$ cat structure13.txt   # compact mmCIF, C-alpha atoms
# COMPACT_ATOMS: atom_id res chain seq x y z
CA MET K 1 47.45 -61.40 76.82
CA THR K 2 47.98 -63.53 79.91
CA TYR K 3 44.95 -63.80 82.17
CA SER K 4 45.45 -62.17 85.59
CA GLY K 5 41.93 -62.00 87.01
CA GLU K 6 42.53 -58.40 88.05
CA VAL K 7 39.52 -56.33 87.01
CA THR K 8 38.05 -53.03 88.17
CA VAL K 9 34.57 -51.54 87.93
CA GLY K 10 34.36 -49.54 84.71
CA GLY K 11 37.43 -51.26 83.31
CA PRO K 12 37.76 -53.98 80.71
CA ALA K 13 36.93 -57.62 81.24
CA ASP K 14 39.68 -60.23 81.50
CA VAL K 15 39.44 -63.47 79.55
CA HIS K 16 40.82 -66.85 80.63
CA GLU K 17 41.02 -69.03 77.54
CA LEU K 18 40.94 -72.77 78.20
CA LYS K 19 40.82 -75.49 75.55
CA ASP K 20 37.09 -76.22 75.96
CA LEU K 21 35.89 -73.15 77.84
CA MET K 22 36.32 -69.39 77.74
CA ILE K 23 35.90 -67.57 81.06
CA THR K 24 35.30 -63.81 80.95
CA LYS K 25 35.53 -61.93 84.26
CA ILE K 26 34.18 -58.44 84.82
CA ALA K 27 33.66 -56.24 87.90
CA VAL K 28 30.38 -54.39 88.38
CA GLY K 29 28.52 -52.33 90.94
CA PRO K 30 29.31 -50.35 94.11
CA MET K 31 30.53 -53.47 95.96
CA ASP K 32 32.99 -54.48 93.23
CA ASN K 33 31.23 -57.72 92.44
CA ASN K 34 32.70 -60.17 89.99
CA ALA K 35 30.51 -61.66 87.26
CA TYR K 36 31.74 -64.52 85.11
CA LEU K 37 30.61 -65.42 81.59
CA LEU K 38 31.39 -69.01 80.60
CA ARG K 39 31.34 -69.95 76.92
CA CYS K 40 31.60 -73.51 75.61
CA ARG K 41 34.05 -73.38 72.73
CA ALA K 42 32.46 -76.34 70.95
CA THR K 43 28.87 -75.05 70.91
CA ASP K 44 29.17 -71.32 71.76
CA GLU K 45 26.51 -71.75 74.46
CA GLN K 46 27.01 -69.31 77.34
CA LEU K 47 26.30 -69.29 81.08
CA LEU K 48 26.55 -66.32 83.44
CA ILE K 49 27.59 -66.65 87.07
CA ASP K 50 26.04 -63.86 89.21
CA ALA K 51 24.11 -61.13 87.42
CA ALA K 52 25.37 -58.91 90.19
CA ASN K 53 24.79 -55.36 88.97
CA ASP K 54 24.87 -53.08 85.91
CA ALA K 55 22.72 -55.08 83.50
CA ARG K 56 23.84 -52.90 80.59
CA THR K 57 27.48 -53.89 81.09
CA LEU K 58 26.61 -57.55 81.58
CA LEU K 59 24.42 -57.67 78.47
CA GLY K 60 27.18 -55.98 76.49
CA MET K 61 29.59 -58.69 77.62
CA ILE K 62 27.06 -61.41 76.78
CA GLY K 63 26.54 -60.03 73.28
CA ASP K 64 24.09 -61.09 70.61
CA ASP K 65 24.52 -64.81 71.28
CA GLY K 66 22.70 -64.49 74.61
CA ILE K 67 23.00 -66.91 77.50
CA ALA K 68 21.26 -70.21 78.11
CA SER K 69 21.45 -69.94 81.88
CA VAL K 70 22.43 -67.77 84.81
CA VAL K 71 23.59 -69.15 88.15
CA THR K 72 23.25 -67.08 91.33
CA THR K 73 25.82 -68.23 93.86
CA HIS K 74 23.83 -67.04 96.88
CA ARG K 75 20.98 -64.89 98.11
CA HIS K 76 22.79 -61.68 99.09
CA GLY K 77 21.42 -58.73 97.14
CA ASP K 78 24.71 -57.55 95.67
CA HIS K 79 24.83 -60.78 93.65
CA TRP K 80 21.45 -60.47 91.90
CA GLN K 81 20.77 -56.75 91.36
CA ALA K 82 20.78 -57.19 87.56
CA LEU K 83 19.21 -60.64 87.48
CA ALA K 84 15.67 -59.63 86.58
CA GLU K 85 16.80 -57.40 83.73
CA VAL K 86 19.29 -59.93 82.36
CA VAL K 87 16.73 -62.73 82.45
CA ALA K 88 14.10 -60.53 80.79
CA ALA K 89 16.53 -59.71 77.98
CA THR K 90 17.92 -63.21 77.45
CA ARG K 91 15.16 -65.57 78.67
CA ALA K 92 17.89 -67.52 80.41
CA ARG K 93 17.09 -70.40 82.74
CA THR K 94 17.87 -69.51 86.36
CA TYR K 95 19.76 -71.66 88.85
CA ALA K 96 20.36 -71.18 92.59
CA GLY K 97 21.05 -73.25 95.67
CA ARG K 98 17.89 -74.86 97.03
CA ASP K 99 18.23 -73.22 100.45
CA ASP K 100 18.85 -69.73 99.07
CA ALA K 101 16.30 -69.53 96.26
CA GLU K 102 13.57 -68.12 98.50
CA GLY K 103 15.80 -65.11 99.24
CA ILE K 104 16.27 -64.24 95.55
CA PRO K 105 13.40 -62.10 94.19
CA VAL K 106 13.56 -63.64 90.71
CA PRO K 107 12.02 -67.10 90.30
CA THR K 108 14.55 -69.92 90.27
CA ASP K 109 13.90 -72.44 87.49
CA VAL K 110 16.32 -75.07 88.79
CA LEU K 111 16.98 -75.64 92.49
CA VAL K 112 20.56 -76.84 92.92
CA ASP K 113 21.74 -79.42 95.44
CA ASP K 114 25.23 -80.57 96.38
CA GLY K 115 26.80 -82.60 93.60
CA ASP K 116 24.36 -81.53 90.88
CA THR K 117 25.68 -81.04 87.36
CA ILE K 118 25.09 -77.78 85.50
CA ARG K 119 25.97 -77.78 81.81
CA VAL K 120 27.09 -75.06 79.46
CA GLY K 121 27.20 -76.64 76.04
CA GLN K 122 29.44 -79.70 76.31
CA VAL K 123 31.10 -78.47 79.51
CA GLU K 124 30.00 -79.83 82.88
CA LEU K 125 30.14 -77.91 86.16
CA THR K 126 29.64 -79.59 89.53
CA ALA K 127 27.80 -77.67 92.24
CA ARG K 128 29.08 -77.80 95.81
CA HIS K 129 26.77 -76.66 98.61
CA LEU K 130 28.75 -74.61 101.16
CA VAL K 131 26.87 -73.61 104.32
CA GLY K 132 27.83 -70.65 106.50
CA HIS K 133 27.96 -67.44 104.52
CA THR K 134 24.34 -68.15 103.63
CA PRO K 135 22.29 -71.35 104.09
CA GLY K 136 22.35 -72.22 100.40
CA SER K 137 25.55 -70.85 98.87
CA ILE K 138 26.92 -72.87 95.99
CA ALA K 139 30.33 -73.07 94.34
CA LEU K 140 30.81 -74.39 90.81
CA VAL K 141 33.70 -76.69 89.95
CA TYR K 142 34.98 -77.18 86.41
CA ASP K 143 37.36 -80.14 86.29
CA ASP K 144 39.21 -79.30 83.09
CA PRO K 145 40.12 -82.58 81.35
CA HIS K 146 43.05 -80.80 79.70
CA GLY K 147 44.48 -79.15 82.82
CA HIS K 148 43.76 -78.28 86.42
CA PRO K 149 40.34 -77.62 87.99
CA HIS K 150 38.67 -74.22 88.22
CA VAL K 151 36.22 -73.28 90.98
CA PHE K 152 33.83 -70.34 91.21
CA THR K 153 33.35 -69.77 94.93
CA GLY K 154 30.92 -66.87 95.24
CA ASP K 155 31.49 -65.36 98.68
CA CYS K 156 32.58 -68.62 100.35
CA LEU K 157 36.33 -68.49 99.63
CA PHE K 158 38.63 -65.56 98.90
CA PRO K 159 42.35 -64.87 98.93
CA GLY K 160 43.06 -64.81 102.65
CA GLY K 161 40.09 -66.64 104.07
CA VAL K 162 36.57 -67.97 103.87
CA GLY K 163 33.59 -65.68 103.46
CA ASN K 164 32.00 -63.51 106.10
CA THR K 165 30.09 -65.50 108.74
CA PHE K 166 29.08 -62.37 110.68
CA LYS K 167 30.87 -63.29 113.93
CA ASN K 168 28.71 -66.41 114.29
CA PRO K 169 30.97 -69.26 115.50
CA LYS K 170 28.55 -71.95 114.35
CA ALA K 171 28.33 -70.45 110.87
CA PHE K 172 32.12 -70.17 110.66
CA ALA K 173 32.56 -73.78 111.79
CA GLY K 174 30.12 -74.89 109.10
CA LEU K 175 31.72 -72.87 106.34
CA ILE K 176 35.33 -73.78 107.11
CA HIS K 177 34.27 -77.44 107.33
CA ASP K 178 32.51 -77.39 103.97
CA VAL K 179 35.27 -75.44 102.23
CA GLU K 180 37.89 -77.86 103.55
CA THR K 181 36.02 -81.10 102.86
CA LYS K 182 34.41 -80.17 99.54
CA ILE K 183 37.10 -77.94 98.06
CA PHE K 184 40.57 -78.25 99.64
CA ASP K 185 40.41 -81.99 100.43
CA VAL K 186 39.35 -83.03 96.93
CA LEU K 187 41.01 -80.55 94.59
CA PRO K 188 44.73 -80.03 93.90
CA ASP K 189 46.86 -77.00 94.69
CA GLU K 190 46.78 -75.92 91.04
CA THR K 191 43.01 -75.33 91.23
CA TRP K 192 42.20 -71.77 90.16
CA VAL K 193 39.75 -69.93 92.43
CA TYR K 194 37.38 -67.27 91.06
CA PRO K 195 35.72 -65.42 93.98
CA GLY K 196 32.68 -63.18 94.11
CA HIS K 197 34.76 -60.06 94.78
CA GLY K 198 38.39 -59.14 94.20
CA ASN K 199 41.32 -60.99 92.73
CA ASP K 200 41.63 -64.69 91.96
CA THR K 201 43.83 -67.11 93.83
CA THR K 202 44.75 -70.81 93.84
CA LEU K 203 44.13 -73.47 96.44
CA GLY K 204 47.89 -73.93 96.75
CA ALA K 205 48.35 -70.29 97.74
CA GLU K 206 45.65 -70.55 100.41
CA ARG K 207 46.14 -74.07 101.78
CA PRO K 208 49.09 -73.25 104.12
CA HIS K 209 46.94 -70.66 105.88
CA LEU K 210 44.06 -72.94 106.86
CA PRO K 211 45.35 -73.36 110.44
CA GLU K 212 45.46 -69.56 110.79
CA TRP K 213 41.86 -69.27 109.64
CA HIS K 214 40.79 -71.86 112.19
CA ALA K 215 42.66 -70.09 114.95
CA ARG K 216 41.26 -66.62 114.29
CA GLY K 217 37.70 -67.87 113.71
CA TRP K 218 37.03 -66.02 110.47

$ encode --input "structure13.txt" --output "structure tokens"
Amino acid sequence: MTYSGEVTVGGPADVHELKDLMITKIAVGPMDNNAYLLRCRATDEQLLIDAANDARTLLGMIGDDGIASVVTTHRHGDHWQALAEVVAATRARTYAGRDDAEGIPVPTDVLVDDGDTIRVGQVELTARHLVGHTPGSIALVYDDPHGHPHVFTGDCLFPGGVGNTFKNPKAFAGLIHDVETKIFDVLPDETWVYPGHGNDTTLGAERPHLPEWHARGW
């Protein structure tokens, strides 16, 4: 089956099979949050991005192998509703952006800064700190040595625009700046984008619309 990234709450997960990494996407909870399970194909170690909701579904996806770590992309409650239960069941190490950890009611084991490396088995992910949706949102970039990059953007970049900055011009200016300089300016059009809600996209599909986003202010 070809990966589409189109998932619905209560429906099956979708799996993106790369040479070194398997990415499983599932939708959970009343806000249609995406959670992503990353599995290193060489070691079978697993990492979860956003234990958003429905711990039973997430633990079923994780399976008996467990997870070594769970990364919370930002402090908003819809992205960590299942975190305590998932961590209790798996004893996973927790990661979150340094400036958002205080807003997550589960202790963060590793505070993440811009440019930090997070590993899942032999696979390396690079954290990018994106300010505006929250003070400490992070995206994770996997630069696939066998293909194009993949980036997990939380609520900072979606098909059609950057994340919600709550009609705050300063926050929007910060977020659009960080998304442009740390994502669009350094990654190619083929980069696959996995957002915190909804369907996937690519940087190439979104890049022509950057001037529109600037003009409308959201």

$ closest_residue --input "structure13.txt" --among "K:Ile26, K:Arg93, K:Ala82, K:Gly121" --to "Asp44 in chain K" --atoms "all atoms listed in the file"
K:Gly121

$ closest_atom_pairs --input "structure13.txt" --of "range 13-117 of chain K" --to "range 147-168 of chain K" --cutoff "12 Å" --atoms "only C-alpha atoms" --output "CSV"
residue,atom,partner,partner_atom,distance
K:His16,CA,K:His150,CA,10.8
K:Glu17,CA,K:Gly147,CA,11.9
K:Leu18,CA,K:Gly147,CA,8.6
K:Lys19,CA,K:Gly147,CA,8.9
K:Asp20,CA,K:Gly147,CA,10.5
K:Leu21,CA,K:His150,CA,10.8
K:Met22,CA,K:His150,CA,11.8
K:Ile23,CA,K:His150,CA,10.2
K:Lys25,CA,K:Phe152,CA,11.0
K:Asn33,CA,K:Gly154,CA,9.6
K:Asn34,CA,K:Gly154,CA,8.7
K:Ala35,CA,K:Gly154,CA,9.5
K:Tyr36,CA,K:Phe152,CA,8.7
K:Leu37,CA,K:Phe152,CA,11.3
K:Leu38,CA,K:Phe152,CA,11.0
K:Leu48,CA,K:Phe152,CA,11.4
K:Ile49,CA,K:Phe152,CA,8.3
K:Asp50,CA,K:Gly154,CA,8.3
K:Ala51,CA,K:Gly154,CA,11.9
K:Ala52,CA,K:Gly154,CA,10.9
K:Val71,CA,K:Gly154,CA,10.4
K:Thr72,CA,K:Gly154,CA,8.6
K:Thr73,CA,K:Gly154,CA,5.5
K:His74,CA,K:Gly154,CA,7.3
K:Arg75,CA,K:Gly154,CA,10.5
K:His76,CA,K:Asp155,CA,9.5
K:Asp78,CA,K:Asp155,CA,10.8
K:His79,CA,K:Gly154,CA,8.8
K:Trp80,CA,K:Gly154,CA,11.9
K:Ala96,CA,K:Gly154,CA,11.7
K:Gly97,CA,K:Gly154,CA,11.8

$ atom_distance --input "structure13.txt" --atom1 "CA of Asp54 in chain K" --atom2 "CA of Gly132 in chain K"
27.2 Å

$ closest_residue --input "structure13.txt" --among "K:Leu175, K:Val28, K:Ala139, K:Leu210" --to "Val193 in chain K" --atoms "all atoms listed in the file"
K:Ala139

$ atom_distance --input "structure13.txt" --atom1 "CA of Pro195 in chain K" --atom2 "CA of Glu102 in chain K"
22.8 Å

$ closest_residue --input "structure13.txt" --among "K:Ile138, K:Ile176, K:Ala55, K:Val186" --to "Tyr95 in chain K" --atoms "all atoms listed in the file"
K:Ile138

$ atom_distance --input "structure13.txt" --atom1 "CA of Leu59 in chain K" --atom2 "CA of Thr191 in chain K"
28.6 Å

$ axis_aligned_box --input "structure13.txt" --around "range 33-40 of chain K" --padding-each-side "8 Å" --output "AutoDock Vina command-line options"
--center_x 31.6 --center_y -65.6 --center_z 84.0 --size_x 18.2 --size_y 31.8 --size_z 32.8

$ closest_residue --input "structure13.txt" --among "K:Arg91, K:Gly136, K:His177, K:Gly29" --to "Trp213 in chain K" --atoms "all atoms listed in the file"
K:His177

$ closest_residue --input "structure13.txt" --among "K:Leu203, K:Met31, K:Ala88, K:Leu187" --to "Asp144 in chain K" --atoms "all atoms listed in the file"
K:Leu187

$ closest_residue --input "structure13.txt" --among "K:Pro12, K:Gly103, K:Pro211, K:Gly198" --to "Glu180 in chain K" --atoms "only C-alpha atoms"
K:Pro211
